[in-house]
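Presented below is the structure to which this report refers.
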Amino acid sequence: MTNENEMQDVATTVYTGVMSGAMIYVKKEFQINDSKTEILARILNLCALVGSLSAGTTSDAIGRRNTMIVASIIFLLGSVLMGYGPNYVTLLGGKCVAGVGVGFALMIAPVYSAEISSPKTRIAAIPSLLLAVGLLKMPESPRWLIMKGRLGDAKKILYKVSNTPEQAEIRLRDIKQSVGIDENCNDDIVKLPESTKTKGVWKELLLRPTPSLRWILIAGVGIHFFEHVTGIEAVILYSHKIFAKAGVHDTRKQILATVGVGLTKFTFF
């Protein structure tokens, strides 16, 4: 979980720093006020929420790999709209579309990474277009395949991505147990019992969590809450205004100072 949190923190820091510098030129280009600039800066986060809430159901239906391909395509479309952006509305729409893709990716990429990789390896983030092309050559999550009853396909992938055959067998056995399949079953295709299908996930998560799940939920929400409650994201996002009030009026120097703040956060957080 630490690696995935670090990846998300890096992505957030990079986006916030880039947006801080871009806001200077966007405001001048489109002649918009501070309120519209603030909406533009934060619309991606709001739309990312929509994507993240939809990602779980989508990945269960079409697979982790295919969901990340969809996320890459959505983000690419949003990037094209933002690049084209002849007016404020188009730019805002592009950021919202990109936000949906970001929400999908930030939710599913850690899941895919955890399910496909051995304990010693993790998948790094790469640009959306390269990611979409690269995913075409990447295998599906073995856990998702087993959840669909495709044990033969899952076993082949586990043997490819595990460090040793013994590790592949251990991971295969663990996944079988977690989804309710007899660990001695060697059929390529099996029909899963109705009880293993995902139902009432939100009720289980929020209303009737197990003690271990409750602590995981508290830890996950708590980490992200305390990361943002300090206000560091707002400091980075509006750092160009802070430096302007401090006497730095040259645009390039404001951006350079913002980069320095971002690098400091990246180094120590």
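In the structure tokens, chains take the letters A, B, ... in the order shown, each chain's residues start at 1, and ligands count up from 1 in the order shown.
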
- Within 6 Å of stretch 148-161 of chain A, counting only C-alpha atoms, which residues qualify if same-chain residues fewer than 4 places away don't, as number ranges by chain? A: 142, 165, 168, 188-191

- Mind checking DSSP for stretch 107-261 of chain A and telling me the alpha helix (DSSP H) residues as an NGL selection string? :A and (107-116 or 128-135 or 142-147 or 151-161 or 165-179 or 201-202 or 211-229 or 232-237 or 239-245 or 251-261)

- Interatomic distance, atom CA of A:Thr251 to atom CA of A:Ala22 (Å, one decimal): 10.8 Å

- Query: Mind pulling up the distance from atom CA of A:Gly101 to atom CA of A:Ile69?
  - Reply: 9.7 Å

- Item | Closest of A:Val70, A:Cys47, A:Ile218, A:Ile62 to A:Ser141 - atom-to-atom distances counting only C-alpha atoms |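 For A:Ser141, the nearest of the candidates is A:Ile62.
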